[in-house]
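For reference, run.cif (mmCIF, C-alpha atoms):
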data_coords
loop_
_atom_site.label_atom_id
_atom_site.label_comp_id
_atom_site.auth_asym_id
_atom_site.auth_seq_id
_atom_site.Cartn_x
_atom_site.Cartn_y
_atom_site.Cartn_z
CA MET A 1 84.79 55.21 154.67
CA ILE A 2 84.91 55.33 158.45
CA ILE A 3 85.51 58.46 160.50
CA THR A 4 86.10 58.28 164.24
CA VAL A 5 85.73 61.44 166.29
CA SER A 6 87.44 61.50 169.68
CA ARG A 7 86.89 64.64 171.69
CA GLU A 8 87.45 66.55 174.87
CA PHE A 9 84.23 67.00 176.81
CA GLY A 10 82.65 70.31 175.82
CA SER A 11 84.69 70.84 172.65
CA GLY A 12 81.83 70.18 170.23
CA GLY A 13 83.01 66.79 168.98
CA ARG A 14 79.49 65.42 168.87
CA GLU A 15 78.21 68.36 166.82
CA LEU A 16 81.18 68.08 164.49
CA GLY A 17 80.67 64.33 164.06
CA LYS A 18 76.94 64.64 163.41
CA ARG A 19 77.36 67.43 160.88
CA LEU A 20 80.19 65.56 159.15
CA ALA A 21 78.01 62.44 158.88
CA ASP A 22 75.16 64.49 157.38
CA ALA A 23 77.48 66.24 154.91
CA LEU A 24 78.99 62.95 153.74
CA GLY A 25 75.82 60.87 153.85
CA LEU A 26 77.29 58.50 156.43
CA GLN A 27 75.56 56.69 159.28
CA TYR A 28 76.15 58.38 162.64
CA TYR A 29 76.76 56.56 165.94
CA ASP A 30 77.11 58.05 169.38
CA LYS A 31 74.57 57.33 172.12
CA GLU A 32 72.98 54.68 169.90
CA LEU A 33 75.89 52.48 170.94
CA ILE A 34 74.87 52.70 174.59
CA GLU A 35 71.34 51.56 173.79
CA GLU A 36 72.69 48.63 171.80
CA ILE A 37 75.11 47.57 174.55
CA ALA A 38 72.32 47.80 177.12
CA ARG A 39 70.05 45.68 174.93
CA THR A 40 72.72 43.02 174.29
CA THR A 41 73.80 42.70 177.91
CA ALA A 42 70.32 43.19 179.38
CA LEU A 43 71.82 45.86 181.64
CA ASP A 44 70.55 49.31 182.47
CA GLU A 45 71.52 52.09 180.03
CA LYS A 46 72.64 54.28 182.91
CA TYR A 47 74.87 51.49 184.17
CA VAL A 48 76.41 50.96 180.73
CA THR A 49 77.03 54.70 180.40
CA LYS A 50 78.70 54.83 183.81
CA VAL A 51 80.96 51.84 183.14
CA LEU A 52 82.21 53.38 179.89
CA GLU A 53 82.50 56.84 181.47
CA LYS A 54 84.57 55.48 184.34
CA GLY A 55 86.92 53.77 181.91
CA GLY A 56 85.58 50.32 182.82
CA PHE A 57 87.48 50.13 186.07
CA ALA A 58 86.77 46.76 187.67
CA ASN A 59 86.11 47.88 191.23
CA PHE A 60 83.55 50.29 189.91
CA ALA A 61 80.97 47.51 189.55
CA PHE A 62 80.79 47.04 193.27
CA SER A 63 80.61 50.66 194.34
CA PHE A 64 78.09 51.69 191.73
CA ALA A 65 75.96 48.57 191.95
CA HIS A 66 74.34 49.69 195.19
CA SER A 67 72.36 52.35 193.41
CA LEU A 68 71.02 49.93 190.80
CA PRO A 69 68.51 47.08 190.70
CA LEU A 70 69.88 43.77 191.93
CA SER A 71 69.88 42.37 188.41
CA ALA A 72 72.85 44.64 187.57
CA THR A 73 75.08 43.76 190.48
CA THR A 74 76.96 40.62 189.42
CA PRO A 75 80.73 41.10 189.48
CA ASN A 76 80.99 40.29 185.77
CA THR A 77 78.79 43.07 184.49
CA VAL A 78 81.67 45.46 183.82
CA THR A 79 83.34 42.83 181.67
CA ASP A 80 80.01 42.16 179.95
CA VAL A 81 79.71 45.82 179.05
CA LEU A 82 83.28 46.05 177.75
CA VAL A 83 82.97 42.89 175.66
CA ALA A 84 79.63 43.97 174.18
CA HIS A 85 81.05 47.44 173.52
CA GLN A 86 83.95 46.06 171.51
CA LYS A 87 81.76 43.63 169.56
CA ILE A 88 79.22 46.28 168.65
CA VAL A 89 81.77 48.89 167.55
CA THR A 90 83.60 46.22 165.51
CA ALA A 91 80.35 45.16 163.81
CA ILE A 92 79.56 48.78 162.91
CA ALA A 93 83.07 49.37 161.56
CA GLU A 94 82.82 46.17 159.51
CA LYS A 95 79.74 47.51 157.75
CA GLY A 96 81.65 50.77 157.06
CA ASP A 97 80.42 54.17 155.84
CA CYS A 98 79.90 55.70 159.23
CA VAL A 99 80.99 58.35 161.71
CA ILE A 100 81.48 57.04 165.24
CA VAL A 101 81.81 59.61 168.02
CA GLY A 102 83.76 58.58 171.10
CA ARG A 103 83.54 55.06 172.58
CA CYS A 104 87.20 54.38 171.70
CA ALA A 105 86.16 53.66 168.13
CA ASP A 106 89.57 54.92 166.93
CA ALA A 107 91.23 52.02 168.75
CA ILE A 108 88.57 49.33 168.22
CA ALA A 109 88.06 50.07 164.51
CA GLU A 110 91.80 50.52 163.82
CA LYS A 111 92.06 47.60 161.37
CA TYR A 112 89.35 49.10 159.18
CA ASN A 113 91.61 52.08 158.56
CA PRO A 114 89.39 54.91 159.79
CA VAL A 115 90.13 58.61 159.43
CA LYS A 116 90.80 59.47 163.06
CA ILE A 117 89.90 62.97 164.23
CA PHE A 118 90.46 64.51 167.65
CA VAL A 119 88.48 67.60 168.63
CA TYR A 120 89.63 69.91 171.42
CA ALA A 121 89.27 73.46 172.69
CA ASP A 122 90.45 75.72 175.47
CA GLU A 123 88.72 75.69 178.84
CA GLN A 124 86.83 78.98 178.46
CA SER A 125 85.36 77.97 175.13
CA LYS A 126 84.29 74.59 176.56
CA ILE A 127 82.63 76.34 179.51
CA LYS A 128 80.75 78.63 177.10
CA ARG A 129 79.62 75.71 174.97
CA CYS A 130 78.42 73.73 178.00
CA ARG A 131 76.40 76.70 179.25
CA GLU A 132 74.73 77.15 175.88
CA ARG A 133 73.69 73.50 175.84
CA ALA A 134 72.83 73.02 179.52
CA THR A 135 69.65 71.45 180.81
CA GLU A 136 67.79 72.99 183.75
CA GLY A 137 69.16 72.38 187.23
CA GLU A 138 72.77 71.70 186.20
CA ASP A 139 75.54 73.34 188.21
CA LEU A 140 77.13 75.61 185.63
CA SER A 141 79.70 77.38 187.80
CA ASP A 142 83.21 77.52 186.39
CA LYS A 143 84.34 75.27 189.22
CA ALA A 144 81.71 72.59 188.61
CA LEU A 145 82.27 72.58 184.85
CA LYS A 146 86.05 72.37 185.15
CA LYS A 147 85.61 69.45 187.53
CA SER A 148 83.35 67.74 184.97
CA PHE A 149 85.88 68.25 182.17
CA LYS A 150 88.56 66.64 184.31
CA ARG A 151 86.43 63.73 185.49
CA ILE A 152 84.89 62.87 182.13
CA ASP A 153 88.09 63.21 180.11
CA LYS A 154 89.94 61.13 182.70
CA GLY A 155 87.38 58.34 182.21
CA ARG A 156 87.77 58.56 178.44
CA ALA A 157 91.53 58.35 178.77
CA LYS A 158 91.26 55.31 181.05
CA LEU A 159 88.90 53.45 178.74
CA HIS A 160 91.24 54.25 175.85
CA ASP A 161 94.20 52.86 177.80
CA LEU A 162 92.40 49.52 178.04
CA LEU A 163 92.20 49.29 174.26
CA SER A 164 95.19 51.13 172.79
CA SER A 165 98.89 51.62 173.41
CA THR A 166 98.62 55.27 172.29
CA PRO A 167 97.31 57.56 175.02
CA TRP A 168 93.99 59.30 174.44
CA GLY A 169 94.52 62.79 173.01
CA GLU A 170 98.15 62.11 172.03
CA LYS A 171 98.62 63.40 168.48
CA THR A 172 100.31 60.30 167.06
CA GLY A 173 97.03 58.42 167.47
CA TYR A 174 95.09 60.71 165.13
CA ASP A 175 95.16 61.83 161.50
CA LEU A 176 93.78 65.26 162.20
CA MET A 177 93.33 67.32 165.36
CA ILE A 178 90.95 70.27 165.27
CA ASN A 179 90.84 73.13 167.75
CA THR A 180 87.27 74.49 167.98
CA THR A 181 88.12 77.36 170.35
CA ARG A 182 87.61 80.19 167.92
CA ILE A 183 85.46 78.76 165.15
CA GLU A 184 81.83 77.99 164.42
CA ILE A 185 81.84 74.25 163.76
CA LYS A 186 79.10 74.43 161.14
CA ASP A 187 81.14 76.86 159.02
CA ILE A 188 84.03 74.48 158.42
CA ILE A 189 81.98 71.33 157.71
CA PRO A 190 81.96 71.44 153.86
CA GLN A 191 85.75 71.92 153.72
CA LEU A 192 86.41 69.40 156.48
CA ALA A 193 84.19 66.82 154.78
CA ASP A 194 86.21 67.20 151.56
CA LEU A 195 89.47 66.87 153.46
CA CYS A 196 88.23 63.74 155.26
CA SER A 197 87.20 62.17 151.94
CA GLU A 198 90.68 62.80 150.55
CA LEU A 199 92.36 61.47 153.70
CA ALA A 200 90.23 58.32 153.47
CA ASN A 201 91.19 57.86 149.81
CA ASP A 202 94.86 58.43 150.50
CA LYS A 203 95.01 56.02 153.43
CA ARG A 204 93.47 53.08 151.55
CA MET B 205 95.48 85.70 155.62
CA ILE B 206 98.48 84.31 157.44
CA ILE B 207 99.25 80.61 157.85
CA THR B 208 102.04 79.44 160.12
CA VAL B 209 103.34 75.90 159.72
CA SER B 210 105.19 74.40 162.66
CA ARG B 211 106.55 70.93 162.09
CA GLU B 212 108.50 68.00 163.40
CA PHE B 213 111.74 67.54 161.51
CA GLY B 214 111.17 65.10 158.63
CA SER B 215 107.37 65.28 158.68
CA GLY B 216 107.05 67.23 155.42
CA GLY B 217 106.01 70.55 156.94
CA ARG B 218 108.08 72.53 154.48
CA GLU B 219 106.55 70.74 151.48
CA LEU B 220 103.08 71.22 152.93
CA GLY B 221 103.70 74.93 153.57
CA LYS B 222 105.14 75.54 150.09
CA ARG B 223 102.30 73.73 148.33
CA LEU B 224 99.71 75.51 150.47
CA ALA B 225 101.24 78.90 149.61
CA ASP B 226 101.17 78.03 145.90
CA ALA B 227 97.56 76.81 146.06
CA LEU B 228 96.39 79.94 147.86
CA GLY B 229 98.57 82.44 146.00
CA LEU B 230 100.36 83.48 149.20
CA GLN B 231 103.96 84.53 149.72
CA TYR B 232 106.10 81.73 151.18
CA TYR B 233 108.79 82.20 153.82
CA ASP B 234 111.17 79.62 155.21
CA LYS B 235 114.91 79.85 154.63
CA GLU B 236 114.45 83.35 153.20
CA LEU B 237 114.15 84.48 156.81
CA ILE B 238 117.65 83.26 157.61
CA GLU B 239 119.11 85.27 154.70
CA GLU B 240 117.28 88.37 155.87
CA ILE B 241 118.43 87.97 159.50
CA ALA B 242 122.01 87.45 158.34
CA ARG B 243 121.83 90.56 156.16
CA THR B 244 120.35 92.73 158.94
CA THR B 245 122.78 91.61 161.62
CA ALA B 246 125.79 91.33 159.29
CA LEU B 247 126.31 87.83 160.68
CA ASP B 248 127.07 84.62 158.85
CA GLU B 249 124.00 82.66 157.57
CA LYS B 250 125.38 79.48 159.10
CA TYR B 251 125.73 81.20 162.43
CA VAL B 252 122.16 82.54 162.30
CA THR B 253 120.89 79.08 161.39
CA LYS B 254 122.75 77.52 164.30
CA VAL B 255 121.53 80.06 166.84
CA LEU B 256 117.92 79.47 165.83
CA GLU B 257 118.42 75.69 165.64
CA LYS B 258 119.91 75.60 169.12
CA GLY B 259 116.97 77.55 170.47
CA GLY B 260 119.08 80.67 170.98
CA PHE B 261 120.73 79.40 174.14
CA ALA B 262 123.06 82.08 175.38
CA ASN B 263 126.13 79.96 176.13
CA PHE B 264 126.01 78.71 172.58
CA ALA B 265 127.56 81.91 171.26
CA PHE B 266 130.82 81.15 172.99
CA SER B 267 131.15 77.49 172.10
CA PHE B 268 130.19 77.93 168.47
CA ALA B 269 132.09 81.14 167.92
CA HIS B 270 135.41 79.32 167.68
CA SER B 271 134.50 77.90 164.30
CA LEU B 272 133.52 81.29 162.87
CA PRO B 273 135.29 84.45 161.76
CA LEU B 274 136.19 86.82 164.61
CA SER B 275 133.53 89.28 163.47
CA ALA B 276 130.88 86.86 164.70
CA THR B 277 132.23 86.26 168.17
CA THR B 278 130.89 89.12 170.29
CA PRO B 279 128.79 87.89 173.22
CA ASN B 280 125.80 89.86 171.98
CA THR B 281 125.42 88.14 168.66
CA VAL B 282 122.89 85.61 169.89
CA THR B 283 120.70 88.42 171.13
CA ASP B 284 121.21 90.26 167.83
CA VAL B 285 119.96 87.22 165.95
CA LEU B 286 116.93 86.76 168.19
CA VAL B 287 115.95 90.42 168.02
CA ALA B 288 116.33 90.57 164.24
CA HIS B 289 114.41 87.31 163.93
CA GLN B 290 111.42 88.71 165.82
CA LYS B 291 111.47 92.01 163.95
CA ILE B 292 111.59 90.35 160.55
CA VAL B 293 108.83 87.82 161.26
CA THR B 294 106.67 90.62 162.69
CA ALA B 295 107.21 92.77 159.59
CA ILE B 296 106.25 89.88 157.33
CA ALA B 297 103.12 89.12 159.37
CA GLU B 298 102.17 92.79 159.28
CA LYS B 299 102.17 92.72 155.47
CA GLY B 300 99.96 89.59 155.65
CA ASP B 301 98.97 87.09 152.94
CA CYS B 302 101.75 84.65 153.57
CA VAL B 303 102.72 81.17 154.72
CA ILE B 304 105.60 81.10 157.21
CA VAL B 305 107.23 77.75 157.91
CA GLY B 306 108.90 77.30 161.29
CA ARG B 307 110.87 80.11 162.98
CA CYS B 308 108.29 80.35 165.80
CA ALA B 309 106.05 82.39 163.54
CA ASP B 310 103.00 80.98 165.35
CA ALA B 311 104.14 82.75 168.53
CA ILE B 312 105.63 85.90 167.00
CA ALA B 313 102.71 86.55 164.62
CA GLU B 314 100.05 85.67 167.19
CA LYS B 315 98.44 89.12 167.26
CA TYR B 316 97.83 89.00 163.50
CA ASN B 317 95.55 86.01 164.10
CA PRO B 318 97.23 83.42 161.89
CA VAL B 319 95.87 79.97 161.09
CA LYS B 320 98.32 77.86 163.04
CA ILE B 321 99.11 74.39 161.68
CA PHE B 322 101.33 71.73 163.22
CA VAL B 323 102.64 68.91 161.00
CA TYR B 324 103.86 65.62 162.48
CA ALA B 325 104.44 61.99 161.58
CA ASP B 326 105.66 58.74 163.09
CA GLU B 327 109.37 57.98 163.23
CA GLN B 328 109.47 55.42 160.41
CA SER B 329 107.73 57.74 158.00
CA LYS B 330 110.09 60.59 158.91
CA ILE B 331 113.10 58.30 158.32
CA LYS B 332 111.71 57.34 154.90
CA ARG B 333 111.10 60.97 153.97
CA CYS B 334 114.61 62.02 155.03
CA ARG B 335 116.18 59.23 152.98
CA GLU B 336 114.24 60.24 149.89
CA ARG B 337 115.44 63.82 150.22
CA ALA B 338 119.01 63.20 151.39
CA THR B 339 122.07 64.82 149.91
CA GLU B 340 125.21 62.80 149.22
CA GLY B 341 127.46 61.97 152.17
CA GLU B 342 124.77 62.23 154.88
CA ASP B 343 124.62 59.52 157.53
CA LEU B 344 121.23 57.98 156.88
CA SER B 345 121.30 55.14 159.41
CA ASP B 346 118.20 54.82 161.60
CA LYS B 347 120.34 55.74 164.58
CA ALA B 348 121.76 58.92 163.04
CA LEU B 349 118.37 60.07 161.76
CA LYS B 350 116.63 59.46 165.08
CA LYS B 351 119.37 61.45 166.78
CA SER B 352 118.80 64.31 164.32
CA PHE B 353 115.04 64.28 164.94
CA LYS B 354 115.64 64.56 168.65
CA ARG B 355 118.31 67.25 168.41
CA ILE B 356 116.53 69.46 165.88
CA ASP B 357 113.08 69.21 167.47
CA LYS B 358 114.61 69.93 170.87
CA GLY B 359 116.09 73.16 169.50
CA ARG B 360 112.75 74.12 167.98
CA ALA B 361 111.03 73.52 171.30
CA LYS B 362 113.63 75.61 173.15
CA LEU B 363 113.33 78.54 170.76
CA HIS B 364 109.55 78.32 171.08
CA ASP B 365 109.82 78.39 174.87
CA LEU B 366 111.60 81.75 174.62
CA LEU B 367 108.64 83.26 172.80
CA SER B 368 105.49 81.49 173.95
CA SER B 369 103.90 80.11 177.10
CA THR B 370 102.45 77.18 175.14
CA PRO B 371 104.97 74.39 174.57
CA TRP B 372 105.97 73.61 170.99
CA GLY B 373 103.87 70.76 169.58
CA GLU B 374 101.23 71.02 172.34
CA LYS B 375 97.83 70.93 170.65
CA THR B 376 96.32 73.94 172.42
CA GLY B 377 98.78 76.17 170.55
CA TYR B 378 97.47 75.21 167.09
CA ASP B 379 94.25 75.37 165.10
CA LEU B 380 94.92 72.21 163.15
CA MET B 381 97.37 69.35 163.56
CA ILE B 382 98.04 67.09 160.59
CA ASN B 383 99.60 63.64 160.69
CA THR B 384 101.46 62.98 157.42
CA THR B 385 102.41 59.38 158.25
CA ARG B 386 100.16 57.67 155.76
CA ILE B 387 99.32 60.32 153.21
CA GLU B 388 100.81 61.97 150.14
CA ILE B 389 100.98 65.63 151.08
CA LYS B 390 100.28 66.85 147.55
CA ASP B 391 96.98 64.92 147.43
CA ILE B 392 95.38 66.79 150.32
CA ILE B 393 96.46 70.33 149.36
CA PRO B 394 93.31 71.51 147.53
CA GLN B 395 91.05 70.40 150.40
CA LEU B 396 93.43 71.68 153.07
CA ALA B 397 93.72 75.05 151.31
CA ASP B 398 89.91 75.40 151.34
CA LEU B 399 89.78 74.45 155.01
CA CYS B 400 92.50 76.98 155.88
CA SER B 401 90.63 79.74 154.01
CA GLU B 402 87.50 78.96 156.00
CA LEU B 403 89.43 78.83 159.30
CA ALA B 404 90.98 82.21 158.48
CA ASN B 405 87.53 83.68 157.72
CA ASP B 406 86.01 82.25 160.86
CA LYS B 407 88.79 83.49 163.13
CA ARG B 408 88.64 87.10 161.95
#
Encoded form using structure tokens:
Amino acid sequence: MIITVSREFGSGGRELGKRLADALGLQYYDKELIEEIARTTALDEKYVTKVLEKGGFANFAFSFAHSLPLSATTPNTVTDVLVAHQKIVTAIAEKGDCVIVGRCADAIAEKYNPVKIFVYADEQSKIKRCRERATEGEDLSDKALKKSFKRIDKGRAKLHDLLSSTPWGEKTGYDLMINTTRIEIKDIIPQLADLCSELANDKR
Amino acid sequence: MIITVSREFGSGGRELGKRLADALGLQYYDKELIEEIARTTALDEKYVTKVLEKGGFANFAFSFAHSLPLSATTPNTVTDVLVAHQKIVTAIAEKGDCVIVGRCADAIAEKYNPVKIFVYADEQSKIKRCRERATEGEDLSDKALKKSFKRIDKGRAKLHDLLSSTPWGEKTGYDLMINTTRIEIKDIIPQLADLCSELANDKR
């Protein structure tokens, strides 16, 4: 059983994925993937994060490289990250029994027949969630947060476009889409876990 | 507890709504609404159906009227249908404990805090479903069915636009969106019913 959780930034997709993994006794992958890609490519974790956040755009390597050690500045490093990313997600999907949050796992793991979830929420609820989870020093004005939502989700959509013919967030690409605007995620986990189990059974 | 089920034509939304109502012991409304609107307005059921299917477009009354008895040809009949439609759906929502399929109930019953579901599927699966449920004499070619999907869903979207600022089928307007492409609807009903109960509790 594989569950992929795609999500709008700030909608609680990570929390939902983690809780779902715990409820179903499945391995959980999110930022662990970044560490693994960094290890495999011998590139900086921050660099790997940025490449995936920017949707892997090729010219990015050159503009971003200036702020990194020289070892990370070869023109092929973006490709290295993308190749490692695909290999690692594929290897995880092959083992099965996991929840993978983000990282285009819905597209990469497609042939392993995952249950594909998309999590979303309205802007005000995403702002509230981001404020509750903020670290010190972050700009938490409405304006700054809305800009972050736009920038981060645009990067996710771009990365998805590299790997799938279905646009990110378009309903046909998912089995289930969940609006977290007016719910407490933890409250729906037992019922959602049961539904995911049944969806996984039915899709086999 | 109120559940509204919006759906793409051919995606099994009616089956899902009926089964959900049975599982939860809720009253079920779909075509019953048409009968009630026809009774209230003293208009023909076919006429009421057509007005709602066409999204209530005003000029429709004149073009369609030719094929109906004279009693149904006044220019105000479209408005009569739309007004009766809203009143009847509101009255049903006010009583509560029901599943309403289609008829823009998600928009009309909004203030009663319904759990809003949208059901969709890919084109091939909708074609298959329509063929399985066809009545004799229907044109069941791919071309004819695809044309029906487009025409009927366009009418649903237009009617929705009259009553809501959120476009029909746009995820922000729903709590849960379910893709029926690769599942047997009946298999997921127990789990979905539990999830809907929890969503209804959480939203109160």
Q) Taking only C-alpha atoms into account, which of B:Gly300, B:Pro318, B:Gly341, B:Gly359 comes nearest chain A? A)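 Result for the nearest residue to chain A: B:Pro318.
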Q | Answer key for the PyMOL selection byres ((chain A) within 6 of (chain B)), residues as a VMD selection string | A | chain A and resid 175 to 179 182 to 183 191 194 to 195 202 to 203
Q) Expressed in Å to a single decimal, how great is the separation between atom CA of Arg133 of chain A and atom CA of Lys150 of chain A? A)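 Atom CA of Lys150 of chain A lies at a distance of 18.4 Å from atom CA of Arg133 of chain A.
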Q. Care to translate the PyMOL selection byres ((chain A and resi 113) around 10) into actual residues of this file, as JSON, numbers by chain?
A. {"A": [1, 2, 3, 93, 106, 109, 110, 111, 112, 114, 115, 116, 200, 203, 204]}
Q.
What does the structure give for the distance between atom CA of Ala311 of chain B and atom CA of Cys130 of chain A, in Å to one decimal?
A.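 For atom CA of Ala311 of chain B relative to atom CA of Cys130 of chain A, the distance reads 28.9 Å.
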Q: Decode the PyMOL selection byres ((chain A and resi 16-33) around 7) for the given file into explicit residues and return them as a PyMOL selection string.
A: chain A and resi 5+12-15+34-37+97-102+185+189-190+193
**Q.** Point-to-point distance from atom CA of Thr135 of chain A to atom CA of Arg151 of chain A, Å rounded to tenths
**A.**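 Separation of atom CA of Thr135 of chain A and atom CA of Arg151 of chain A: 19.1 Å.
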Q: Write out as a ChimeraX atom specification the residues lying within 10 Å of Leu140 of chain A, counting all atoms listed in the file and excluding same-chain residues fewer than 6 positions away.
A: /A:127-128,130-131,134,146
Please write the residues from the selection above to a file, keeping C-alpha atoms, as a tab-separated table (two decimals), in the coordinates of the input.
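Contents of out_36.tsv, as written:
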chain	number	residue	atom	x	y	z
A	127	ILE	CA	82.63	76.34	179.51
A	128	LYS	CA	80.75	78.63	177.10
A	130	CYS	CA	78.42	73.73	178.00
A	131	ARG	CA	76.40	76.70	179.25
A	134	ALA	CA	72.83	73.02	179.52
A	146	LYS	CA	86.05	72.37	185.15
Q: Rank nothing, just name the residue among B:Lys390, B:Arg211, B:Lys362, B:Lys254 nearest to Thr281 of chain B, using only C-alpha atoms.
A: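 Checking each candidate against Thr281 of chain B, we get B:Lys254 as the closest.
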(Q) Between A:Lys87, A:Lys54, A:Arg129, A:Lys147, which residue has the minimum interatomic distance to His160 of chain A, considering only C-alpha atoms? (A)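 Among the listed residues, A:Lys54 lies closest to His160 of chain A.
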Q: List the residues sitting within 7 Å of (91.2, 59.6, 174.9) in the file's frame, using only C-alpha atoms, as JSON, numbers by chain.
A: {"A": [6, 156, 157, 160, 167, 168, 169]}
